[in-house]
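**Student:** My structure is stored as upload_30.cif, with mmCIF, C-alpha atoms.
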```
data_structure
loop_
_atom_site.label_atom_id
_atom_site.label_comp_id
_atom_site.auth_asym_id
_atom_site.auth_seq_id
_atom_site.Cartn_x
_atom_site.Cartn_y
_atom_site.Cartn_z
CA MET A 1 37.49 19.48 22.57
CA LYS A 2 33.94 19.43 21.27
CA ILE A 3 31.97 22.45 20.16
CA SER A 4 28.26 22.35 19.43
CA VAL A 5 26.27 25.02 17.66
CA ASP A 6 22.49 24.96 17.54
CA VAL A 7 20.84 26.96 14.80
CA ASP A 8 17.16 27.70 15.03
CA CYS A 9 15.82 28.58 11.61
CA THR A 10 13.14 27.57 9.15
CA PRO A 11 13.96 25.40 6.14
CA GLN A 12 13.50 28.44 3.90
CA GLU A 13 15.98 30.46 5.97
CA ALA A 14 18.48 27.58 5.89
CA ARG A 15 18.23 27.36 2.10
CA GLN A 16 18.84 31.10 1.80
CA VAL A 17 21.86 31.02 4.11
CA LEU A 18 23.39 28.04 2.29
CA GLY A 19 22.59 29.49 -1.13
CA LEU A 20 20.33 26.61 -2.14
CA PRO A 21 17.52 27.18 -4.64
CA ASP A 22 13.96 27.68 -3.45
CA VAL A 23 12.15 24.59 -4.73
CA GLU A 24 8.88 25.22 -2.91
CA PRO A 25 7.05 26.67 -5.97
CA MET A 26 8.14 23.67 -8.06
CA GLN A 27 6.99 21.27 -5.34
CA ARG A 28 3.59 22.98 -5.16
CA ALA A 29 3.20 22.78 -8.96
CA MET A 30 4.17 19.10 -9.01
CA MET A 31 1.80 18.24 -6.15
CA GLU A 32 -1.02 20.05 -7.96
CA THR A 33 -0.27 18.07 -11.14
CA ILE A 34 -0.23 14.79 -9.19
CA ARG A 35 -3.51 15.72 -7.46
CA GLN A 36 -5.18 16.50 -10.80
CA ARG A 37 -3.99 13.24 -12.35
CA MET A 38 -5.21 11.23 -9.37
CA GLU A 39 -8.62 12.92 -9.51
CA GLN A 40 -8.90 12.23 -13.25
CA ALA A 41 -7.92 8.60 -12.76
CA LEU A 42 -10.44 8.12 -9.96
CA ALA A 43 -13.20 9.91 -11.85
CA SER A 44 -12.70 7.76 -14.93
CA SER A 45 -12.38 4.51 -12.99
CA ASP A 46 -15.22 2.27 -12.06
CA PRO A 47 -14.84 0.80 -8.54
CA GLU A 48 -15.79 -2.65 -9.82
CA THR A 49 -13.06 -2.47 -12.47
CA LEU A 50 -10.53 -1.40 -9.84
CA PHE A 51 -11.43 -4.38 -7.66
CA ARG A 52 -11.17 -6.74 -10.61
CA THR A 53 -7.68 -5.50 -11.44
CA TRP A 54 -6.41 -5.36 -7.85
CA LEU A 55 -7.95 -8.42 -6.26
CA PRO A 56 -7.80 -11.43 -8.57
CA ALA A 57 -4.53 -12.76 -7.18
CA SER A 58 -5.56 -12.31 -3.57
CA ILE A 59 -9.01 -13.77 -4.15
CA GLN A 60 -7.48 -16.75 -5.93
CA GLY A 61 -5.12 -17.21 -2.97
CA LEU A 62 -8.04 -17.09 -0.55
CA GLU A 63 -9.93 -19.65 -2.61
CA GLN A 64 -6.90 -21.96 -2.53
CA ILE A 65 -6.62 -21.60 1.25
CA GLN A 66 -10.33 -22.36 1.58
CA LYS A 67 -9.94 -25.49 -0.58
CA LEU A 68 -6.98 -26.56 1.55
CA PHE A 69 -9.03 -26.21 4.76
CA TRP A 70 -11.96 -28.09 3.25
CA ALA A 71 -9.67 -30.89 2.10
CA ALA A 72 -8.08 -31.10 5.56
CA ALA A 73 -11.49 -31.13 7.25
CA GLN A 74 -12.76 -33.80 4.85
CA GLY A 75 -9.63 -35.87 5.46
CA MET A 76 -10.12 -35.68 9.23
CA ALA A 77 -13.79 -36.61 8.86
CA ASP A 78 -12.91 -39.59 6.66
CA SER A 79 -10.24 -40.68 9.13
CA ALA A 80 -12.68 -40.43 12.03
CA GLU A 81 -15.28 -42.53 10.18
CA ARG A 82 -12.70 -45.20 9.34
CA SER A 83 -11.58 -45.40 12.98
CA ARG A 84 -15.20 -45.79 14.11
CA GLY A 85 -15.81 -48.53 11.58
CA ARG A 86 -12.97 -50.69 12.87
#
```
What does this structure look like when you write it as structure tokens?
**Tutor:**
Amino acid sequence: MKISVDVDCTPQEARQVLGLPDVEPMQRAMMETIRQRMEQALASSDPETLFRTWLPASIQGLEQIQKLFWAAAQGMADSAERSRGR
């Protein structure tokens, strides 16, 4: 035998019925603190400095890929010239 019960209630009502603490005020306070810290960090940060700290590894990787493509293209060009010269 299987019995199903559907309960339609809000999260706040469910917490009250189950006797769980209301953490909504704490969550609001924490989100406000996080928002303030993010705004302070963004206000004190220079976009150019952010890019320098975030992008060096990816830019270096892109430069290496570019060098690889140039080397491959140069190798194919050299190979084509040698085959023409024969």
**Student:** Of the candidates A:Pro11, A:Glu39, A:Arg84, A:Ser44, which one gets nearest to A:Val23 if we count all atoms listed in the file?
**Tutor:** A:Pro11
**Student:** Would you mind reading off the distance between atom CA of A:Gln12 and atom CA of A:Pro25, one decimal, in Å?
**Tutor:**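 Computed distance, atom CA of A:Gln12 to atom CA of A:Pro25, equals 11.9 Å.
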**Student:** Taking all atoms of stretch 79-82 of chain A that the file lists and extending 8 Å past them on each side, where is the centre of the axis-aligned box and how long are its edges? Answer in Å to one decimal, as JSON.
**Tutor:**
```
{"center_x": -12.8, "center_y": -42.8, "center_z": 10.6, "size_x": 21.0, "size_y": 20.8, "size_z": 18.9}
```
**Student:** Any idea what the distance is between atom CA of A:Ile3 and atom CA of A:Arg15?
**Tutor:**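 Computed distance, atom CA of A:Ile3 to atom CA of A:Arg15, equals 23.2 Å.
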**Student:** Give me, please, the distance in Å between atom CA of A:Met26 and atom CA of A:Glu13, quoted to one decimal.
**Tutor:**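 Separation between atom CA of A:Met26 and atom CA of A:Glu13: 17.4 Å.
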